[in-house]
file upload20.cif (mmCIF, C-alpha atoms and all ligand atoms)
data_structure
#
loop_
_atom_site.label_atom_id
_atom_site.label_comp_id
_atom_site.auth_asym_id
_atom_site.auth_seq_id
_atom_site.Cartn_x
_atom_site.Cartn_y
_atom_site.Cartn_z
CA MET N 1015 88.82 49.34 108.23
CA THR N 1016 87.07 47.78 105.23
CA VAL N 1017 84.05 45.49 105.35
CA GLU N 1018 86.25 42.64 104.17
CA GLN N 1019 88.70 43.17 107.05
CA LEU N 1020 85.83 43.28 109.52
CA LYS N 1021 84.44 40.05 108.10
CA ASN N 1022 87.81 38.32 108.46
CA ASN N 1023 88.37 39.63 111.96
CA LEU N 1024 85.01 38.51 113.24
CA GLY N 1025 84.62 35.30 111.25
CA LEU N 1026 81.37 36.42 109.61
CA THR N 1027 79.83 34.77 106.56
CA TYR N 1028 78.88 36.53 103.32
CA LEU N 1029 75.30 36.25 102.11
CA CYS N 1030 75.92 38.56 99.15
CA GLY N 1031 77.88 41.50 97.79
CA GLU N 1032 81.24 39.87 98.47
CA SER N 1033 82.97 41.49 95.50
CA ALA N 1034 82.33 45.03 96.81
CA ALA N 1035 83.51 44.34 100.38
CA ALA N 1036 87.16 45.26 99.93
CA GLU N 1037 86.26 48.78 98.77
CA LYS N 1038 83.71 49.64 101.46
CA GLU N 1039 85.17 51.63 104.32
CA ILE N 1040 83.55 51.32 107.74
CA GLU N 1041 82.77 54.32 109.93
CA GLY N 1042 81.06 53.32 113.16
CA CYS N 1043 78.18 50.97 113.82
CA TYR N 1044 74.42 51.18 114.39
CA CYS N 1045 71.99 48.60 115.82
CA GLY N 1046 68.25 48.72 115.13
CA ASP N 1047 65.27 47.02 113.53
CA LEU N 1048 62.83 49.89 113.04
CA LEU N 1049 63.57 51.16 109.56
CA SER N 1050 62.71 54.84 109.86
CA TRP N 1051 64.55 54.97 113.18
CA VAL N 1052 67.63 53.63 111.41
CA MET N 1053 67.12 56.12 108.55
CA SER N 1054 67.10 58.92 111.07
CA ARG N 1055 69.96 57.91 113.35
CA ALA N 1056 72.45 55.78 111.42
CA GLU N 1057 75.36 57.66 109.91
CA PRO N 1058 77.03 57.27 106.53
CA GLY N 1059 79.51 54.38 106.52
CA ASN N 1060 77.96 52.65 109.55
CA VAL N 1061 77.86 48.89 109.83
CA TRP N 1062 74.19 48.09 110.47
CA LEU N 1063 73.32 45.21 112.81
CA THR N 1064 69.73 44.05 112.46
CA VAL N 1065 67.40 41.05 112.31
CA MET N 1066 65.39 42.59 109.44
CA GLY N 1067 66.27 40.69 106.28
CA ASN N 1068 63.45 41.89 104.04
CA ILE N 1069 63.64 43.95 100.87
CA ASN N 1070 62.99 47.23 102.65
CA SER N 1071 66.23 46.86 104.61
CA ILE N 1072 68.09 46.95 101.31
CA GLY N 1073 66.44 50.25 100.39
CA VAL N 1074 67.41 51.72 103.74
CA ALA N 1075 71.02 50.57 103.40
CA VAL N 1076 71.34 52.12 99.95
CA LEU N 1077 69.67 55.42 100.79
CA ALA N 1078 71.42 55.91 104.13
CA ASP N 1079 74.89 55.03 102.74
CA ILE N 1080 75.32 52.06 105.09
CA SER N 1081 78.65 50.23 104.53
CA CYS N 1082 77.20 46.75 105.15
CA ILE N 1083 74.29 44.93 106.78
CA ILE N 1084 75.05 42.21 109.32
CA LEU N 1085 72.07 39.96 110.00
CA THR N 1086 72.49 38.80 113.59
CA GLU N 1087 71.14 35.64 115.27
CA ASN N 1088 71.10 33.90 111.88
CA SER N 1089 68.09 35.94 110.78
CA VAL N 1090 66.68 35.07 107.41
CA LEU N 1091 67.49 37.04 104.25
CA ASP N 1092 64.44 36.90 101.96
CA ALA N 1093 65.07 35.81 98.36
CA ASP N 1094 63.79 39.09 96.87
CA ALA N 1095 65.92 41.05 99.34
CA LYS N 1096 68.98 39.11 98.26
CA ALA N 1097 68.24 39.76 94.59
CA ARG N 1098 67.82 43.49 95.25
CA ALA N 1099 71.01 43.61 97.31
CA GLN N 1100 72.97 41.94 94.51
CA GLU N 1101 71.56 44.38 91.98
CA GLN N 1102 72.48 47.37 94.17
CA GLY N 1103 75.88 46.11 95.35
CA VAL N 1104 74.90 45.93 99.03
CA VAL N 1105 77.15 43.72 101.18
CA ILE N 1106 75.25 41.44 103.59
CA LEU N 1107 76.89 39.26 106.22
CA THR N 1108 75.48 36.84 108.76
CA THR N 1109 76.37 35.64 112.25
CA ALA N 1110 74.86 33.45 114.96
CA GLU N 1111 75.69 36.05 117.63
CA ASN N 1112 73.17 38.63 118.78
CA SER N 1113 73.53 42.34 118.08
CA TYR N 1114 74.89 43.09 121.56
CA GLN N 1115 77.60 40.42 121.40
CA LEU N 1116 78.68 41.45 117.93
CA ALA N 1117 78.58 45.20 118.61
CA ALA N 1118 80.80 44.68 121.66
CA LYS N 1119 83.39 42.98 119.44
CA ILE N 1120 83.11 45.61 116.72
CA SER N 1121 83.70 48.39 119.23
CA LYS N 1122 87.08 46.88 120.05
CA LEU N 1123 88.06 46.74 116.38
CA ILE N 1124 87.10 50.13 114.99
CA MET Y 24 68.87 77.08 83.31
CA GLU Y 25 65.80 74.91 82.76
CA PRO Y 26 64.98 72.85 85.86
CA LEU Y 27 65.44 69.10 85.59
CA LYS Y 28 62.04 67.46 86.12
CA LEU Y 29 61.42 63.90 87.26
CA HIS Y 30 58.10 62.11 87.69
CA PHE Y 31 57.33 58.80 89.39
CA ASP Y 32 54.12 56.85 89.90
CA VAL Y 33 54.10 54.92 93.17
CA SER Y 34 52.04 51.75 93.41
CA GLY Y 35 49.72 51.46 96.39
CA SER Y 36 50.37 47.87 97.30
CA ASP Y 37 53.80 46.88 96.14
CA PHE Y 38 56.44 47.08 98.86
CA THR Y 39 59.06 45.68 96.53
CA CYS Y 40 58.96 48.87 94.43
CA ALA Y 41 59.08 51.26 97.34
CA GLY Y 42 62.45 52.91 97.31
CA GLU Y 43 62.56 53.00 93.53
CA ALA Y 44 61.70 56.69 93.20
CA SER Y 45 63.99 57.73 96.05
CA GLY Y 46 66.76 55.54 94.65
CA ASN Y 47 66.44 57.13 91.22
CA ILE Y 48 66.34 60.64 92.66
CA LYS Y 49 69.46 59.87 94.67
CA LYS Y 50 71.25 58.69 91.53
CA ALA Y 51 70.20 61.82 89.60
CA LEU Y 52 71.39 64.20 92.34
CA LYS Y 53 74.70 62.38 92.61
CA GLU Y 54 75.25 62.57 88.86
CA ILE Y 55 74.52 66.30 88.82
CA GLY Y 56 77.24 66.68 91.45
CA PHE Y 57 75.37 67.64 94.63
CA SER Y 58 77.24 66.73 97.83
CA ALA Y 59 76.93 63.24 99.31
CA ALA Y 60 75.30 64.71 102.42
CA LEU Y 61 72.64 66.66 100.52
CA THR Y 62 71.96 63.72 98.23
CA ARG Y 63 71.49 61.44 101.23
CA ASN Y 64 69.18 63.89 103.02
CA VAL Y 65 66.91 64.26 100.00
CA ALA Y 66 66.88 60.50 99.37
CA ILE Y 67 65.86 59.75 102.98
CA ALA Y 68 63.08 62.35 102.93
CA VAL Y 69 61.67 61.08 99.64
CA TYR Y 70 61.92 57.47 100.80
CA GLU Y 71 59.84 58.18 103.91
CA GLY Y 72 57.23 59.97 101.79
CA GLU Y 73 57.23 57.22 99.22
CA ILE Y 74 56.80 54.49 101.83
CA ASN Y 75 53.98 56.43 103.52
CA MET Y 76 52.23 56.60 100.15
CA VAL Y 77 52.41 52.82 99.85
CA ILE Y 78 51.44 51.99 103.44
CA HIS Y 79 48.95 54.74 104.25
CA GLY Y 80 48.07 56.58 101.03
CA GLY Y 81 47.17 53.85 98.55
CA GLY Y 82 49.86 54.96 96.10
CA GLY Y 83 50.43 58.28 94.41
CA GLN Y 84 52.74 60.49 92.38
CA ILE Y 85 56.11 62.10 93.04
CA ASP Y 86 57.29 65.15 91.09
CA VAL Y 87 60.75 66.59 91.48
CA GLU Y 88 62.25 69.79 90.08
CA ILE Y 89 65.95 70.32 90.40
CA THR Y 90 67.91 73.55 89.91
CA PRO Y 91 71.27 74.45 91.44
CA GLU Y 92 69.45 76.69 93.96
CA CYS Y 93 66.51 74.49 94.96
CA ILE Y 94 65.34 70.91 94.93
CA SER Y 95 61.57 70.83 95.13
CA ILE Y 96 59.56 67.67 95.68
CA VAL Y 97 55.80 67.15 95.63
CA LEU Y 98 54.40 63.87 96.96
CA ALA Y 99 50.68 63.50 96.24
CA ASP Y 100 48.25 60.70 96.99
CA GLN Y 101 44.48 60.28 96.76
CA GLY Y 102 44.24 58.15 99.90
CA PRO Y 103 42.35 58.55 103.19
CA GLY Y 104 44.09 61.77 104.25
CA ILE Y 105 45.52 62.69 107.66
CA PRO Y 106 42.86 63.83 110.19
CA ASP Y 107 45.29 65.47 112.64
CA ILE Y 108 48.52 66.61 111.01
CA ALA Y 109 50.12 67.90 114.24
CA LEU Y 110 49.57 64.49 115.85
CA ALA Y 111 50.92 62.64 112.80
CA MET Y 112 54.06 64.80 112.92
CA GLN Y 113 54.86 63.69 116.49
CA GLU Y 114 57.72 61.22 116.86
CA GLY Y 115 56.30 57.80 117.71
CA TYR Y 116 52.75 58.35 116.45
CA SER Y 117 51.78 55.61 114.02
CA THR Y 118 48.65 53.90 112.76
CA ALA Y 119 50.67 51.33 110.78
CA PRO Y 120 48.94 47.93 110.82
CA GLU Y 121 50.57 44.87 112.34
CA ASN Y 122 51.57 43.29 109.01
CA VAL Y 123 53.75 46.26 108.04
CA ARG Y 124 55.15 46.60 111.56
CA GLN Y 125 56.57 43.14 111.13
CA LEU Y 126 58.55 44.47 108.17
CA GLY Y 127 60.17 47.14 110.35
CA PHE Y 128 57.79 50.06 109.69
CA GLY Y 129 55.59 51.85 112.19
CA ALA Y 130 58.13 53.61 114.41
CA GLY Y 131 56.24 56.82 113.76
CA MET Y 132 59.45 58.47 112.63
CA GLY Y 133 58.79 58.91 108.91
CA LEU Y 134 57.20 62.36 108.91
CA PRO Y 135 59.64 63.69 111.58
CA ASN Y 136 62.49 62.38 109.40
CA ILE Y 137 61.15 64.26 106.40
CA LYS Y 138 61.08 67.45 108.46
CA LYS Y 139 64.59 66.81 109.77
CA TYR Y 140 66.12 66.27 106.35
CA THR Y 141 64.47 69.11 104.40
CA ASP Y 142 64.48 72.92 104.66
CA GLU Y 143 60.76 73.37 104.01
CA MET Y 144 57.87 70.96 104.53
CA ILE Y 145 54.21 71.73 103.93
CA ILE Y 146 51.49 69.10 104.40
CA GLU Y 147 48.07 69.60 102.88
CA SER Y 148 45.57 66.88 103.64
CA GLU Y 149 41.84 66.38 103.44
CA VAL Y 150 40.14 63.36 104.96
CA GLY Y 151 38.72 61.16 102.22
CA LYS Y 152 40.51 63.10 99.46
CA GLY Y 153 44.22 62.62 99.94
CA THR Y 154 47.50 64.12 101.06
CA THR Y 155 50.03 66.38 99.36
CA ILE Y 156 53.43 67.01 100.88
CA ARG Y 157 55.59 69.81 99.41
CA LEU Y 158 59.28 69.78 100.21
CA LYS Y 159 62.14 72.11 99.46
CA VAL Y 160 65.85 71.69 99.98
CA PHE Y 161 68.22 74.59 99.34
CA PRO Y 162 71.72 73.38 98.52
CA GLN Y 163 73.48 76.59 99.62
N1 LIG A 1201 50.18 59.73 102.94
C1 LIG A 1201 49.49 59.48 104.07
N2 LIG A 1201 48.15 59.26 104.02
C2 LIG A 1201 47.45 59.02 105.14
N3 LIG A 1201 47.99 58.98 106.38
C3 LIG A 1201 49.32 59.20 106.49
C4 LIG A 1201 50.14 59.45 105.35
N4 LIG A 1201 51.40 59.65 105.77
C5 LIG A 1201 51.38 59.51 107.12
N5 LIG A 1201 50.13 59.24 107.55
C6 LIG A 1201 49.70 59.06 108.97
O1 LIG A 1201 50.67 59.66 109.81
C7 LIG A 1201 51.21 58.66 110.71
C8 LIG A 1201 52.67 58.97 110.99
O2 LIG A 1201 53.46 58.80 109.80
P1 LIG A 1201 55.01 58.44 109.94
O3 LIG A 1201 55.58 58.27 108.57
O4 LIG A 1201 55.64 59.47 110.81
O5 LIG A 1201 55.02 57.06 110.74
P2 LIG A 1201 54.64 55.60 110.21
O6 LIG A 1201 54.57 55.60 108.72
O7 LIG A 1201 53.43 55.16 110.92
O8 LIG A 1201 55.89 54.76 110.70
P3 LIG A 1201 57.40 54.84 110.13
O9 LIG A 1201 57.42 55.90 109.07
O10 LIG A 1201 58.25 55.18 111.29
O11 LIG A 1201 57.69 53.49 109.57
C9 LIG A 1201 50.96 57.34 110.02
O12 LIG A 1201 50.95 56.25 110.91
C10 LIG A 1201 49.59 57.60 109.38
O13 LIG A 1201 48.57 57.50 110.35
MG MG A 1202 56.14 56.40 107.61
#
call {"tool": "encode", "arguments": {"input": "upload20.cif", "output": "C-alpha cells"}}
result
Amino acid sequence: MTVEQLKNNLGLTYLCGESAAAEKEIEGCYCGDLLSWVMSRAEPGNVWLTVMGNINSIGVAVLADISCIILTENSVLDADAKARAQEQGVVILTTAENSYQLAAKISKLI
Amino acid sequence: MEPLKLHFDVSGSDFTCAGEASGNIKKALKEIGFSAALTRNVAIAVYEGEINMVIHGGGGQIDVEITPECISIVLADQGPGIPDIALAMQEGYSTAPENVRQLGFGAGMGLPNIKKYTDEMIIESEVGKGTTIRLKVFPQ
C-alpha cells in the first residue's frame, strides 16, 4: 500500500510532501516519541505515528527511511520542521485520533 | 583506490543543523552504491553521534573516510567529556536536560544505537577535555 492510499483509506490530512505520497510504499508501522528509540526500533518503510512535530523528527524520518510521519492528536508541526520536510520530500499527515486508535485501524489495512 | 574523505563541523548550539552531516554522509554512501541497509546503519550511527555533540559536547568535528572495504568515522568534540563510559553506554542512561527532553531526546539510547549499527566503536574521553568516538563499518 502507498502512503496516498493509506491517507485516502483513513481520511487523513496532508501537512506537506503530498506530491511524493503516491510513490512511497508502506511496510509496517511504528509508534513512539523518543527519537533515538525510534531510530533504533523503527524499520525501513514504516509509517511513524508520533506527537513530535519538531525539526528533529524530520531528520529521524529521513535517516531511518520512514515512509511517512503521521502527527496524531492534532499535534503541531513547527514551521522550520515543515520547511525541512518540504526540502527533503518527507510526507507528513495529521489526524485528531490518538496513536492507539490510528494504529488499530492501520493494522487492519496493511 | 584513494579513500573518499568528508569533513563536517558541527555547531554546539544549533539543533536545526543537527542531522546535516549524517544526511550528507547518507547521500554520499547511496551515490557510491552501498546497500540501503548499510547506508541506513551508518546514517543512524552518525546522527546519534552528531546529536550528542550538539546536546552534550558543545559542538565538534566529524571526519569520514570511505573505501569499498571500510567506512571509518571519527566524531570529536572538546566538551565536558564522559566521566563513566560504561555507565553512559547503558540503555536508558541520560543526563539530557529538560529542554532537550521536550524535543524527544534523552531516551539514553544514542550510544547503544551507535554500537548496534557499527562493527567497531571506540570511545576515548577525558573529563574537561572532550570526547572522541571512532567507528568502523565493514561492508562485506
Ligand atoms: N559527546 C559527549 N560529551 C559528553 N557527554 C556525552 C557525550 N555523548 C554522550 N554523553 C553522555 O552519555 C549519556 C548517554 O548518551 P546517549 O546518546 O546514549 O543518550 P542521550 O543523548 O542522553 O539520549 P538519546 O541519545 O537517547 O536522545 C548522555 O546523557 C551524556 O551524559
Ligand atoms: Mg544521545
call {"tool": "interface_residues", "arguments": {"input": "upload20.cif", "of": "chain Y", "to": "chain N", "cutoff": "7 Å", "atoms": "all atoms listed in the file", "output": "list in words"}}
result
Thr39, Gly42, Gly46, Arg63, Ala66, Ile67, Leu126, Gly127, Phe128, Ala130, Met132, Gly133 and Asn136 of chain Y
call {"tool": "write_last_selection", "arguments": {"input": "upload20.cif", "atoms": "C-alpha atoms", "output": "mmCIF file, keeping the file's coordinate frame"}}
result
data_model
loop_
_atom_site.group_PDB
_atom_site.id
_atom_site.type_symbol
_atom_site.label_atom_id
_atom_site.label_comp_id
_atom_site.auth_asym_id
_atom_site.auth_seq_id
_atom_site.Cartn_x
_atom_site.Cartn_y
_atom_site.Cartn_z
ATOM 1 C CA THR Y 39 59.060 45.680 96.530
ATOM 2 C CA GLY Y 42 62.450 52.910 97.310
ATOM 3 C CA GLY Y 46 66.760 55.540 94.650
ATOM 4 C CA ARG Y 63 71.490 61.440 101.230
ATOM 5 C CA ALA Y 66 66.880 60.500 99.370
ATOM 6 C CA ILE Y 67 65.860 59.750 102.980
ATOM 7 C CA LEU Y 126 58.550 44.470 108.170
ATOM 8 C CA GLY Y 127 60.170 47.140 110.350
ATOM 9 C CA PHE Y 128 57.790 50.060 109.690
ATOM 10 C CA ALA Y 130 58.130 53.610 114.410
ATOM 11 C CA MET Y 132 59.450 58.470 112.630
ATOM 12 C CA GLY Y 133 58.790 58.910 108.910
ATOM 13 C CA ASN Y 136 62.490 62.380 109.400
#
call {"tool": "closest_atom_pairs", "arguments": {"input": "upload20.cif", "of": "range 1060-1096 of chain N", "to": "range 1107-1121 of chain N", "cutoff": "10 Å", "atoms": "all atoms listed in the file", "output": "JSON lines"}}
result
{"residue": "N:Val1061", "atom": "CA", "partner": "N:Ile1120", "partner_atom": "CA", "distance": 9.3}
{"residue": "N:Trp1062", "atom": "CA", "partner": "N:Ser1113", "partner_atom": "CA", "distance": 9.6}
{"residue": "N:Leu1063", "atom": "CA", "partner": "N:Ser1113", "partner_atom": "CA", "distance": 6.0}
{"residue": "N:Thr1064", "atom": "CA", "partner": "N:Ser1113", "partner_atom": "CA", "distance": 7.0}
{"residue": "N:Val1065", "atom": "CA", "partner": "N:Ser1113", "partner_atom": "CA", "distance": 8.5}
{"residue": "N:Cys1082", "atom": "CA", "partner": "N:Leu1107", "partner_atom": "CA", "distance": 7.6}
{"residue": "N:Ile1083", "atom": "CA", "partner": "N:Leu1107", "partner_atom": "CA", "distance": 6.3}
{"residue": "N:Ile1084", "atom": "CA", "partner": "N:Leu1107", "partner_atom": "CA", "distance": 4.7}
{"residue": "N:Leu1085", "atom": "CA", "partner": "N:Thr1108", "partner_atom": "CA", "distance": 4.8}
{"residue": "N:Thr1086", "atom": "CA", "partner": "N:Thr1109", "partner_atom": "CA", "distance": 5.2}
{"residue": "N:Glu1087", "atom": "CA", "partner": "N:Ala1110", "partner_atom": "CA", "distance": 4.3}
{"residue": "N:Asn1088", "atom": "CA", "partner": "N:Ala1110", "partner_atom": "CA", "distance": 4.9}
{"residue": "N:Ser1089", "atom": "CA", "partner": "N:Thr1108", "partner_atom": "CA", "distance": 7.7}
{"residue": "N:Val1090", "atom": "CA", "partner": "N:Thr1108", "partner_atom": "CA", "distance": 9.1}
{"residue": "N:Leu1091", "atom": "CA", "partner": "N:Thr1108", "partner_atom": "CA", "distance": 9.2}
call {"tool": "atom_distance", "arguments": {"input": "upload20.cif", "atom1": "CA of Leu61 in chain Y", "atom2": "CA of Cys1043 in chain N"}}
result
21.3 Å
call {"tool": "closest_residue", "arguments": {"input": "upload20.cif", "among": "Y:Gly129, Y:Gly56, Y:Pro106, Y:Pro26", "to": "ligand LIG 1201 (chain A)", "atoms": "all atoms listed in the file"}}
result
Y:Gly129
call {"tool": "atom_distance", "arguments": {"input": "upload20.cif", "atom1": "CA of Gly1059 in chain N", "atom2": "CA of Leu1123 in chain N"}}
result
15.1 Å
call {"tool": "residues_near_ligand", "arguments": {"input": "upload20.cif", "ligand": "ligand LIG 1201 (chain A)", "cutoff": "7 Å", "atoms": "only C-alpha atoms and all ligand atoms", "output": "ChimeraX atom specification"}}
result
/N:1049-1051 /Y:71,75-76,79-80,100,102-105,111-112,114,116-119,127-135,153-154
call {"tool": "residues_around", "arguments": {"input": "upload20.cif", "residues": "range 1019-1022 of chain N", "least_positions_apart": "2", "cutoff": "10 Å", "atoms": "only C-alpha atoms", "output": "CSV table (one decimal) with C-alpha atoms, in the frame of the given file"}}
result
chain,number,residue,atom,x,y,z
N,1015,MET,CA,88.8,49.3,108.2
N,1016,THR,CA,87.1,47.8,105.2
N,1017,VAL,CA,84.0,45.5,105.4
N,1024,LEU,CA,85.0,38.5,113.2
N,1025,GLY,CA,84.6,35.3,111.2
N,1026,LEU,CA,81.4,36.4,109.6
N,1027,THR,CA,79.8,34.8,106.6
N,1028,TYR,CA,78.9,36.5,103.3
N,1035,ALA,CA,83.5,44.3,100.4
N,1036,ALA,CA,87.2,45.3,99.9
N,1038,LYS,CA,83.7,49.6,101.5
N,1039,GLU,CA,85.2,51.6,104.3
N,1040,ILE,CA,83.6,51.3,107.7
N,1061,VAL,CA,77.9,48.9,109.8
N,1084,ILE,CA,75.0,42.2,109.3
N,1107,LEU,CA,76.9,39.3,106.2
N,1108,THR,CA,75.5,36.8,108.8
N,1120,ILE,CA,83.1,45.6,116.7
N,1123,LEU,CA,88.1,46.7,116.4
N,1124,ILE,CA,87.1,50.1,115.0
call {"tool": "atom_distance", "arguments": {"input": "upload20.cif", "atom1": "CA of Glu1032 in chain N", "atom2": "CA of Ala41 in chain Y"}}
result
24.9 Å
call {"tool": "closest_residue", "arguments": {"input": "upload20.cif", "among": "Y:Gly151, Y:Gly35, Y:Gly83, Y:Gly115", "to": "ligand MG 1202 (chain A)", "atoms": "all atoms listed in the file"}}
result
Y:Gly115
call {"tool": "residues_around", "arguments": {"input": "upload20.cif", "residues": "Glu25 in chain Y", "least_positions_apart": "2", "cutoff": "10 Å", "atoms": "all atoms listed in the file", "output": "list of chain:residue names"}}
result
Y:Leu27, Y:Lys28, Y:Glu88, Y:Ile89, Y:Thr90
call {"tool": "residues_around", "arguments": {"input": "upload20.cif", "residues": "Lys159 in chain Y", "least_positions_apart": "5", "cutoff": "12 Å", "atoms": "all atoms listed in the file", "output": "mmCIF file with C-alpha atoms, in the coordinates of the input"}}
result
data_model
loop_
_atom_site.group_PDB
_atom_site.id
_atom_site.type_symbol
_atom_site.label_atom_id
_atom_site.label_comp_id
_atom_site.auth_asym_id
_atom_site.auth_seq_id
_atom_site.Cartn_x
_atom_site.Cartn_y
_atom_site.Cartn_z
ATOM 1 C CA LEU Y 61 72.640 66.660 100.520
ATOM 2 C CA ASN Y 64 69.180 63.890 103.020
ATOM 3 C CA VAL Y 65 66.910 64.260 100.000
ATOM 4 C CA ALA Y 68 63.080 62.350 102.930
ATOM 5 C CA VAL Y 69 61.670 61.080 99.640
ATOM 6 C CA ASP Y 86 57.290 65.150 91.090
ATOM 7 C CA VAL Y 87 60.750 66.590 91.480
ATOM 8 C CA GLU Y 88 62.250 69.790 90.080
ATOM 9 C CA ILE Y 89 65.950 70.320 90.400
ATOM 10 C CA THR Y 90 67.910 73.550 89.910
ATOM 11 C CA GLU Y 92 69.450 76.690 93.960
ATOM 12 C CA CYS Y 93 66.510 74.490 94.960
ATOM 13 C CA ILE Y 94 65.340 70.910 94.930
ATOM 14 C CA SER Y 95 61.570 70.830 95.130
ATOM 15 C CA ILE Y 96 59.560 67.670 95.680
ATOM 16 C CA VAL Y 97 55.800 67.150 95.630
ATOM 17 C CA LEU Y 98 54.400 63.870 96.960
ATOM 18 C CA ILE Y 137 61.150 64.260 106.400
ATOM 19 C CA LYS Y 138 61.080 67.450 108.460
ATOM 20 C CA LYS Y 139 64.590 66.810 109.770
ATOM 21 C CA TYR Y 140 66.120 66.270 106.350
ATOM 22 C CA THR Y 141 64.470 69.110 104.400
ATOM 23 C CA ASP Y 142 64.480 72.920 104.660
ATOM 24 C CA GLU Y 143 60.760 73.370 104.010
ATOM 25 C CA MET Y 144 57.870 70.960 104.530
ATOM 26 C CA ILE Y 145 54.210 71.730 103.930
#
call {"tool": "closest_residue", "arguments": {"input": "upload20.cif", "among": "N:Glu1057, N:Gly1031, N:Glu1018, N:Gln1100", "to": "Tyr1044 in chain N", "atoms": "all atoms listed in the file"}}
result
N:Glu1057
call {"tool": "axis_aligned_box", "arguments": {"input": "upload20.cif", "around": "range 65-79 of chain Y", "padding_each_side": "4 Å", "output": "JSON"}}
result
{"center_x": 57.9, "center_y": 58.1, "center_z": 101.7, "size_x": 26.0, "size_y": 20.3, "size_z": 13.0}
call {"tool": "closest_residue", "arguments": {"input": "upload20.cif", "among": "Y:Leu158, Y:Leu52, Y:Ala44, Y:Ala59", "to": "Pro91 in chain Y", "atoms": "only C-alpha atoms"}}
result
Y:Leu52
call {"tool": "closest_residue", "arguments": {"input": "upload20.cif", "among": "Y:Cys40, Y:Val77, Y:Val33, Y:Ile55", "to": "ligand MG 1202 (chain A)", "atoms": "all atoms listed in the file"}}
result
Y:Val77
call {"tool": "closest_residue", "arguments": {"input": "upload20.cif", "among": "Y:Ile78, Y:Val150, Y:Ile85, Y:Ala99", "to": "ligand MG 1202 (chain A)", "atoms": "only C-alpha atoms and all ligand atoms"}}
result
Y:Ile78
